[in-house]
>>> print(open('entry01.csv').read())   # CSV, N, CA and C atoms
chain,number,residue,atom,x,y,z
F,1,MET,N,34.6,41.3,150.3
F,1,MET,CA,35.7,40.4,150.5
F,1,MET,C,35.8,39.4,149.3
F,2,ALA,N,34.7,38.9,148.9
F,2,ALA,CA,34.7,37.9,147.8
F,2,ALA,C,35.2,38.5,146.5
F,3,LEU,N,34.8,39.8,146.3
F,3,LEU,CA,35.2,40.5,145.1
F,3,LEU,C,36.7,40.7,145.1
F,4,ARG,N,37.3,41.0,146.3
F,4,ARG,CA,38.7,41.2,146.4
F,4,ARG,C,39.5,39.9,146.1
F,5,LEU,N,39.0,38.8,146.7
F,5,LEU,CA,39.6,37.5,146.4
F,5,LEU,C,39.5,37.2,144.9
F,6,LEU,N,38.4,37.5,144.3
F,6,LEU,CA,38.3,37.2,142.9
F,6,LEU,C,39.3,38.1,142.1
F,7,GLY,N,39.5,39.3,142.5
F,7,GLY,CA,40.5,40.1,141.9
F,7,GLY,C,41.9,39.5,142.0
F,8,LEU,N,42.2,39.0,143.2
F,8,LEU,CA,43.5,38.4,143.4
F,8,LEU,C,43.6,37.2,142.5
F,9,LEU,N,42.6,36.3,142.5
F,9,LEU,CA,42.6,35.1,141.7
F,9,LEU,C,42.9,35.5,140.2
F,10,ILE,N,42.2,36.5,139.7
F,10,ILE,CA,42.4,36.9,138.3
F,10,ILE,C,43.8,37.4,138.1
F,11,SER,N,44.4,38.1,139.0
F,11,SER,CA,45.7,38.6,138.9
F,11,SER,C,46.7,37.4,138.8
F,12,LEU,N,46.5,36.5,139.7
F,12,LEU,CA,47.5,35.3,139.7
F,12,LEU,C,47.3,34.5,138.5
F,13,VAL,N,46.1,34.3,138.0
F,13,VAL,CA,45.9,33.5,136.8
F,13,VAL,C,46.6,34.2,135.6
F,14,LEU,N,46.5,35.5,135.5
F,14,LEU,CA,47.2,36.3,134.5
F,14,LEU,C,48.7,36.1,134.6
F,15,LEU,N,49.2,36.2,135.8
F,15,LEU,CA,50.7,36.0,135.9
F,15,LEU,C,51.1,34.6,135.6
F,16,ALA,N,50.3,33.6,136.0
F,16,ALA,CA,50.6,32.2,135.7
F,16,ALA,C,50.6,32.0,134.2
F,17,GLY,N,49.6,32.6,133.5
F,17,GLY,CA,49.5,32.5,132.1
F,17,GLY,C,50.7,33.2,131.4
F,18,ALA,N,51.1,34.3,131.9
F,18,ALA,CA,52.3,35.0,131.3
F,18,ALA,C,53.5,34.2,131.5
F,19,ALA,N,53.7,33.6,132.7
F,19,ALA,CA,54.9,32.7,132.9
F,19,ALA,C,54.9,31.5,132.0
F,20,THR,N,53.7,30.9,131.7
F,20,THR,CA,53.6,29.8,130.8
F,20,THR,C,54.0,30.2,129.4
F,21,ALA,N,53.5,31.4,129.0
F,21,ALA,CA,53.8,31.9,127.6
F,21,ALA,C,55.2,32.3,127.4
F,22,LEU,N,55.8,32.9,128.5
F,22,LEU,CA,57.1,33.4,128.3
F,22,LEU,C,58.2,32.4,128.5
F,23,ARG,N,58.0,31.3,129.2
F,23,ARG,CA,59.0,30.3,129.5
F,23,ARG,C,59.7,29.8,128.3
F,24,PRO,N,59.1,29.4,127.2
F,24,PRO,CA,59.9,28.9,126.1
F,24,PRO,C,60.5,30.0,125.2
F,25,ASN,N,60.1,31.2,125.4
F,25,ASN,CA,60.6,32.3,124.5
F,25,ASN,C,61.6,33.2,125.1
F,26,VAL,N,61.9,33.1,126.4
F,26,VAL,CA,62.8,34.0,127.0
F,26,VAL,C,64.0,33.3,127.5
F,27,ALA,N,65.2,33.8,127.1
F,27,ALA,CA,66.4,33.2,127.5
F,27,ALA,C,67.1,34.2,128.5
F,28,PRO,N,67.7,33.7,129.6
F,28,PRO,CA,68.3,34.7,130.5
F,28,PRO,C,69.5,35.3,129.8
F,29,THR,N,69.7,36.6,130.1
F,29,THR,CA,70.9,37.3,129.6
F,29,THR,C,71.6,38.0,130.8
F,30,GLY,N,72.8,38.5,130.5
F,30,GLY,CA,73.6,39.1,131.5
F,30,GLY,C,74.2,38.1,132.4
F,31,ASN,N,74.5,38.6,133.6
F,31,ASN,CA,75.3,37.8,134.6
F,31,ASN,C,74.4,36.7,135.2
F,32,SER,N,73.1,36.9,135.3
F,32,SER,CA,72.3,35.9,136.1
F,32,SER,C,71.5,35.1,135.2
F,33,LYS,N,71.6,33.8,135.3
F,33,LYS,CA,70.8,32.9,134.6
F,33,LYS,C,69.4,32.7,135.3
F,34,HIS,N,69.3,33.4,136.4
F,34,HIS,CA,68.0,33.3,137.2
F,34,HIS,C,67.2,34.6,137.1
F,35,ALA,N,67.6,35.5,136.2
F,35,ALA,CA,66.9,36.8,136.1
F,35,ALA,C,65.5,36.7,135.8
F,36,VAL,N,65.1,35.9,134.8
F,36,VAL,CA,63.7,35.7,134.4
F,36,VAL,C,62.8,35.1,135.5
F,37,PRO,N,63.3,33.9,136.0
F,37,PRO,CA,62.4,33.3,137.1
F,37,PRO,C,62.3,34.2,138.3
F,38,ASP,N,63.4,34.9,138.6
F,38,ASP,CA,63.3,35.9,139.8
F,38,ASP,C,62.3,37.0,139.5
F,39,ALA,N,62.3,37.5,138.3
F,39,ALA,CA,61.4,38.6,138.0
F,39,ALA,C,59.9,38.1,138.0
F,40,LEU,N,59.7,36.9,137.5
F,40,LEU,CA,58.3,36.4,137.5
F,40,LEU,C,57.8,36.1,138.9
F,41,LEU,N,58.7,35.6,139.8
F,41,LEU,CA,58.3,35.4,141.2
F,41,LEU,C,58.1,36.7,141.9
F,42,GLN,N,58.9,37.7,141.6
F,42,GLN,CA,58.7,39.0,142.3
F,42,GLN,C,57.4,39.6,141.9
F,43,GLN,N,57.0,39.5,140.6
F,43,GLN,CA,55.8,40.1,140.1
F,43,GLN,C,54.6,39.4,140.8
F,44,ALA,N,54.6,38.0,140.8
F,44,ALA,CA,53.6,37.3,141.5
F,44,ALA,C,53.5,37.7,143.0
F,45,GLY,N,54.6,37.9,143.6
F,45,GLY,CA,54.7,38.3,145.0
F,45,GLY,C,54.0,39.6,145.2
F,46,LEU,N,54.3,40.5,144.3
F,46,LEU,CA,53.7,41.9,144.4
F,46,LEU,C,52.1,41.8,144.3
F,47,SER,N,51.6,40.9,143.5
F,47,SER,CA,50.2,40.7,143.4
F,47,SER,C,49.6,40.2,144.7
F,48,LEU,N,50.3,39.3,145.3
F,48,LEU,CA,49.9,38.8,146.6
F,48,LEU,C,50.0,39.9,147.7
F,49,GLU,N,51.0,40.7,147.6
F,49,GLU,CA,51.1,41.8,148.6
F,49,GLU,C,49.9,42.8,148.4
F,50,ARG,N,49.6,43.1,147.2
F,50,ARG,CA,48.4,44.0,147.0
F,50,ARG,C,47.1,43.4,147.5
F,51,ALA,N,47.0,42.1,147.3
F,51,ALA,CA,45.8,41.4,147.8
F,51,ALA,C,45.8,41.4,149.3
F,52,HIS,N,46.9,41.2,149.9
F,52,HIS,CA,47.0,41.3,151.4
F,52,HIS,C,46.6,42.6,151.9
F,53,GLN,N,47.0,43.7,151.2
F,53,GLN,CA,46.6,45.0,151.7
F,53,GLN,C,45.1,45.2,151.7
F,54,LEU,N,44.4,44.5,150.7
F,54,LEU,CA,43.0,44.6,150.6
F,54,LEU,C,42.3,43.7,151.6
F,55,THR,N,42.8,42.5,151.8
F,55,THR,CA,42.0,41.5,152.6
F,55,THR,C,42.6,41.3,154.0
F,56,GLY,N,43.9,41.7,154.2
F,56,GLY,CA,44.5,41.4,155.5
F,56,GLY,C,45.0,40.0,155.7
F,57,THR,N,45.0,39.2,154.6
F,57,THR,CA,45.5,37.8,154.7
F,57,THR,C,46.0,37.4,153.4
F,58,TYR,N,46.9,36.4,153.4
F,58,TYR,CA,47.3,35.7,152.1
F,58,TYR,C,46.4,34.4,151.9
F,59,GLN,N,45.8,34.0,153.0
F,59,GLN,CA,45.0,32.8,153.0
F,59,GLN,C,43.8,32.9,152.0
F,60,GLY,N,43.6,31.9,151.3
F,60,GLY,CA,42.4,31.9,150.3
F,60,GLY,C,42.9,32.3,148.9
F,61,ALA,N,44.1,32.7,148.7
F,61,ALA,CA,44.6,33.0,147.4
F,61,ALA,C,44.8,31.7,146.6
F,62,GLN,N,44.5,31.7,145.4
F,62,GLN,CA,44.7,30.5,144.6
F,62,GLN,C,45.3,31.0,143.2
F,63,SER,N,46.2,30.2,142.7
F,63,SER,CA,46.9,30.5,141.5
F,63,SER,C,47.0,29.2,140.6
F,64,THR,N,46.1,28.3,140.7
F,64,THR,CA,46.2,27.1,139.9
F,64,THR,C,45.6,27.3,138.5
F,65,VAL,N,46.5,27.1,137.6
F,65,VAL,CA,46.2,27.1,136.1
F,65,VAL,C,46.8,25.9,135.5
F,66,ALA,N,46.0,25.1,134.8
F,66,ALA,CA,46.5,23.9,134.2
F,66,ALA,C,47.7,24.2,133.3
F,67,GLY,N,48.8,23.5,133.6
F,67,GLY,CA,50.0,23.6,132.8
F,67,GLY,C,50.9,24.8,133.1
F,68,SER,N,50.5,25.6,134.1
F,68,SER,CA,51.3,26.7,134.5
F,68,SER,C,52.5,26.3,135.3
F,69,PRO,N,53.6,27.0,135.1
F,69,PRO,CA,54.8,26.7,135.9
F,69,PRO,C,54.8,27.4,137.2
F,70,LEU,N,53.9,28.3,137.5
F,70,LEU,CA,53.8,29.1,138.7
F,70,LEU,C,52.6,28.6,139.5
F,71,ARG,N,53.0,28.3,140.9
F,71,ARG,CA,51.9,27.9,141.7
F,71,ARG,C,52.1,28.5,143.1
F,72,LEU,N,51.0,28.7,143.8
F,72,LEU,CA,51.1,29.1,145.2
F,72,LEU,C,51.2,27.9,146.1
F,73,ALA,N,52.3,27.6,146.6
F,73,ALA,CA,52.6,26.4,147.4
F,73,ALA,C,52.0,26.4,148.8
F,74,ALA,N,52.0,27.6,149.4
F,74,ALA,CA,51.5,27.8,150.7
F,74,ALA,C,51.0,29.2,150.9
F,75,ALA,N,50.0,29.4,151.7
F,75,ALA,CA,49.5,30.7,152.1
F,75,ALA,C,48.7,30.6,153.3
F,76,ASP,N,48.9,31.5,154.3
F,76,ASP,CA,48.1,31.6,155.5
F,76,ASP,C,48.0,33.1,155.8
F,77,ALA,N,47.6,33.4,157.0
F,77,ALA,CA,47.4,34.8,157.4
F,77,ALA,C,48.7,35.6,157.5
F,78,ALA,N,49.8,34.9,157.7
F,78,ALA,CA,51.1,35.6,157.9
F,78,ALA,C,52.0,35.6,156.7
F,79,GLY,N,51.9,34.7,155.8
F,79,GLY,CA,52.8,34.6,154.7
F,79,GLY,C,52.4,33.7,153.6
F,80,TYR,N,53.3,33.5,152.6
F,80,TYR,CA,53.0,32.7,151.5
F,80,TYR,C,54.3,32.1,150.9
F,81,CYS,N,54.2,31.2,150.0
F,81,CYS,CA,55.4,30.7,149.3
F,81,CYS,C,54.9,30.3,147.9
F,82,LEU,N,55.6,31.0,146.9
F,82,LEU,CA,55.3,30.7,145.5
F,82,LEU,C,56.4,29.8,145.0
F,83,GLU,N,56.0,28.9,144.1
F,83,GLU,CA,57.0,28.0,143.4
F,83,GLU,C,56.9,28.2,141.9
F,84,LEU,N,58.0,28.2,141.2
F,84,LEU,CA,58.0,28.3,139.8
F,84,LEU,C,58.9,27.2,139.2
F,85,THR,N,58.4,26.4,138.3
F,85,THR,CA,59.1,25.4,137.6
F,85,THR,C,59.6,25.9,136.3
F,86,TRP,N,61.0,26.0,136.2
F,86,TRP,CA,61.6,26.6,135.0
F,86,TRP,C,62.2,25.6,134.1
F,87,GLU,N,62.9,26.0,133.1
F,87,GLU,CA,63.5,25.1,132.1
F,87,GLU,C,64.3,24.0,132.8
F,88,GLY,N,64.2,22.8,132.2
F,88,GLY,CA,64.9,21.7,132.8
F,88,GLY,C,64.3,21.2,134.1
F,89,GLY,N,63.2,21.6,134.5
F,89,GLY,CA,62.5,21.2,135.7
F,89,GLY,C,63.1,21.8,137.0
F,90,ARG,N,63.9,22.9,136.8
F,90,ARG,CA,64.5,23.6,138.0
F,90,ARG,C,63.4,24.3,138.7
F,91,LEU,N,63.4,24.2,140.0
F,91,LEU,CA,62.5,24.9,140.9
F,91,LEU,C,63.1,26.1,141.5
F,92,TYR,N,62.2,27.2,141.6
F,92,TYR,CA,62.6,28.4,142.2
F,92,TYR,C,61.4,28.7,143.2
F,93,HIS,N,61.7,29.4,144.2
F,93,HIS,CA,60.6,29.8,145.2
F,93,HIS,C,60.8,31.2,145.7
F,94,LEU,N,59.7,31.7,146.2
F,94,LEU,CA,59.7,33.0,146.9
F,94,LEU,C,58.9,32.9,148.1
F,95,ARG,N,59.5,33.1,149.3
F,95,ARG,CA,58.8,33.2,150.6
F,95,ARG,C,58.5,34.6,150.9
F,96,GLY,N,57.3,34.9,151.2
F,96,GLY,CA,56.9,36.3,151.5
F,96,GLY,C,56.1,36.4,152.8
F,97,PRO,N,56.0,37.6,153.3
F,97,PRO,CA,56.4,38.8,152.6
F,97,PRO,C,57.9,39.1,152.9
F,98,GLY,N,58.5,39.9,152.0
F,98,GLY,CA,59.8,40.4,152.2
F,98,GLY,C,60.9,39.4,151.8
F,99,GLY,N,60.6,38.3,151.2
F,99,GLY,CA,61.7,37.3,150.8
F,99,GLY,C,62.2,37.7,149.5
F,100,ARG,N,63.3,36.9,149.2
F,100,ARG,CA,63.9,37.1,147.8
F,100,ARG,C,63.8,35.7,147.1
F,101,PRO,N,63.7,35.7,145.8
F,101,PRO,CA,63.6,34.5,145.0
F,101,PRO,C,64.9,33.7,145.3
F,102,ALA,N,64.7,32.4,145.3
F,102,ALA,CA,65.9,31.5,145.5
F,102,ALA,C,65.6,30.2,144.8
F,103,GLU,N,66.6,29.4,144.5
F,103,GLU,CA,66.5,28.1,143.9
F,103,GLU,C,65.9,27.1,144.9
F,104,GLY,N,65.2,26.1,144.4
F,104,GLY,CA,64.7,25.0,145.3
F,104,GLY,C,63.2,25.2,145.6
F,105,GLN,N,62.7,24.3,146.2
F,105,GLN,CA,61.2,24.3,146.5
F,105,GLN,C,61.0,25.0,147.9
F,106,CYS,N,59.8,25.3,148.1
F,106,CYS,CA,59.4,26.0,149.4
F,106,CYS,C,59.7,25.1,150.6
>>> encode(input="entry01.csv", output="structure tokens")
Amino acid sequence: MALRLLGLLISLVLLAGAATALRPNVAPTGNSKHAVPDALLQQAGLSLERAHQLTGTYQGAQSTVAGSPLRLAAADAAGYCLELTWEGGRLYHLRGPGGRPAEGQC
């Protein structure tokens, strides 16, 4: 169980690091100015879903990385909410499981 949670933590830290590194270098293209934040939140959500398959809960997952724009705002046995702070301080969130990225906080 501890090894599975460690794997989840490592996955979330890597995703948070990627979000931090990509934020200044990626500009939205196409019709949606929300494409990049949506994609980052969906990827982080997939990591949480994989961890849930292994552990049976979202509780105990942590994604705190200093300076990261991605954070796990809430997690319990039934669901989670991820928040992403994007350019200009805009907040996006993803409630899971099964949710879709949206603007605003959890």
>>> atom_distance(input="entry01.csv", atom1="atom CA of Pro101 of chain F", atom2="atom CA of Ala75 of chain F")
16.2 Å
>>> residues_around(input="entry01.csv", residues="Gly79 of chain F", least_positions_apart="4", cutoff="8 Å", atoms="all atoms listed in the file", output="PyMOL selection string")
chain F and resi 57-59+74-75+95-97
>>> residues_around(input="entry01.csv", residues="Leu91 of chain F", least_positions_apart="4", cutoff="5 Å", atoms="only N, CA and C atoms", output="ChimeraX atom specification")
/F:84-86,103-104
>>> atom_distance(input="entry01.csv", atom1="atom CA of Ala78 of chain F", atom2="atom C of Gln105 of chain F")
17.6 Å
>>> atom_distance(input="entry01.csv", atom1="atom C of Cys81 of chain F", atom2="atom CA of Ala44 of chain F")
9.6 Å
>>> closest_residue(input="entry01.csv", among="F:Tyr92, F:Ser47, F:Thr55, F:Gly99", to="Pro69 of chain F", atoms="only C-alpha atoms")
F:Tyr92
>>> build_atoms(input="entry01.csv", residues="segment 69-80 of chain F", atoms="N, CA, C and O atoms", output="PDB file, in the frame of the given file")
ATOM      1  N   PRO F  69      53.600  27.000 135.100  1.00  0.00           N
ATOM      2  CA  PRO F  69      54.800  26.700 135.900  1.00  0.00           C
ATOM      3  C   PRO F  69      54.800  27.400 137.200  1.00  0.00           C
ATOM      4  O   PRO F  69      55.638  27.134 138.081  1.00  0.00           O
ATOM      5  N   LEU F  70      53.900  28.300 137.500  1.00  0.00           N
ATOM      6  CA  LEU F  70      53.800  29.100 138.700  1.00  0.00           C
ATOM      7  C   LEU F  70      52.600  28.600 139.500  1.00  0.00           C
ATOM      8  O   LEU F  70      51.540  28.376 139.071  1.00  0.00           O
ATOM      9  N   ARG F  71      53.000  28.300 140.900  1.00  0.00           N
ATOM     10  CA  ARG F  71      51.900  27.900 141.700  1.00  0.00           C
ATOM     11  C   ARG F  71      52.100  28.500 143.100  1.00  0.00           C
ATOM     12  O   ARG F  71      53.240  28.732 143.534  1.00  0.00           O
ATOM     13  N   LEU F  72      51.000  28.700 143.800  1.00  0.00           N
ATOM     14  CA  LEU F  72      51.100  29.100 145.200  1.00  0.00           C
ATOM     15  C   LEU F  72      51.200  27.900 146.100  1.00  0.00           C
ATOM     16  O   LEU F  72      50.186  27.125 146.209  1.00  0.00           O
ATOM     17  N   ALA F  73      52.300  27.600 146.600  1.00  0.00           N
ATOM     18  CA  ALA F  73      52.600  26.400 147.400  1.00  0.00           C
ATOM     19  C   ALA F  73      52.000  26.400 148.800  1.00  0.00           C
ATOM     20  O   ALA F  73      51.573  25.402 149.302  1.00  0.00           O
ATOM     21  N   ALA F  74      52.000  27.600 149.400  1.00  0.00           N
ATOM     22  CA  ALA F  74      51.500  27.800 150.700  1.00  0.00           C
ATOM     23  C   ALA F  74      51.000  29.200 150.900  1.00  0.00           C
ATOM     24  O   ALA F  74      51.599  30.116 150.385  1.00  0.00           O
ATOM     25  N   ALA F  75      50.000  29.400 151.700  1.00  0.00           N
ATOM     26  CA  ALA F  75      49.500  30.700 152.100  1.00  0.00           C
ATOM     27  C   ALA F  75      48.700  30.600 153.300  1.00  0.00           C
ATOM     28  O   ALA F  75      47.855  29.715 153.507  1.00  0.00           O
ATOM     29  N   ASP F  76      48.900  31.500 154.300  1.00  0.00           N
ATOM     30  CA  ASP F  76      48.100  31.600 155.500  1.00  0.00           C
ATOM     31  C   ASP F  76      48.000  33.100 155.800  1.00  0.00           C
ATOM     32  O   ASP F  76      48.341  33.980 155.020  1.00  0.00           O
ATOM     33  N   ALA F  77      47.600  33.400 157.000  1.00  0.00           N
ATOM     34  CA  ALA F  77      47.400  34.800 157.400  1.00  0.00           C
ATOM     35  C   ALA F  77      48.700  35.600 157.500  1.00  0.00           C
ATOM     36  O   ALA F  77      48.683  36.802 157.226  1.00  0.00           O
ATOM     37  N   ALA F  78      49.800  34.900 157.700  1.00  0.00           N
ATOM     38  CA  ALA F  78      51.100  35.600 157.900  1.00  0.00           C
ATOM     39  C   ALA F  78      52.000  35.600 156.700  1.00  0.00           C
ATOM     40  O   ALA F  78      52.905  36.455 156.653  1.00  0.00           O
ATOM     41  N   GLY F  79      51.900  34.700 155.800  1.00  0.00           N
ATOM     42  CA  GLY F  79      52.800  34.600 154.700  1.00  0.00           C
ATOM     43  C   GLY F  79      52.400  33.700 153.600  1.00  0.00           C
ATOM     44  O   GLY F  79      51.322  33.115 153.608  1.00  0.00           O
ATOM     45  N   TYR F  80      53.300  33.500 152.600  1.00  0.00           N
ATOM     46  CA  TYR F  80      53.000  32.700 151.500  1.00  0.00           C
ATOM     47  C   TYR F  80      54.300  32.100 150.900  1.00  0.00           C
ATOM     48  O   TYR F  80      55.434  32.622 151.275  1.00  0.00           O
TER      49      TYR F  80
END
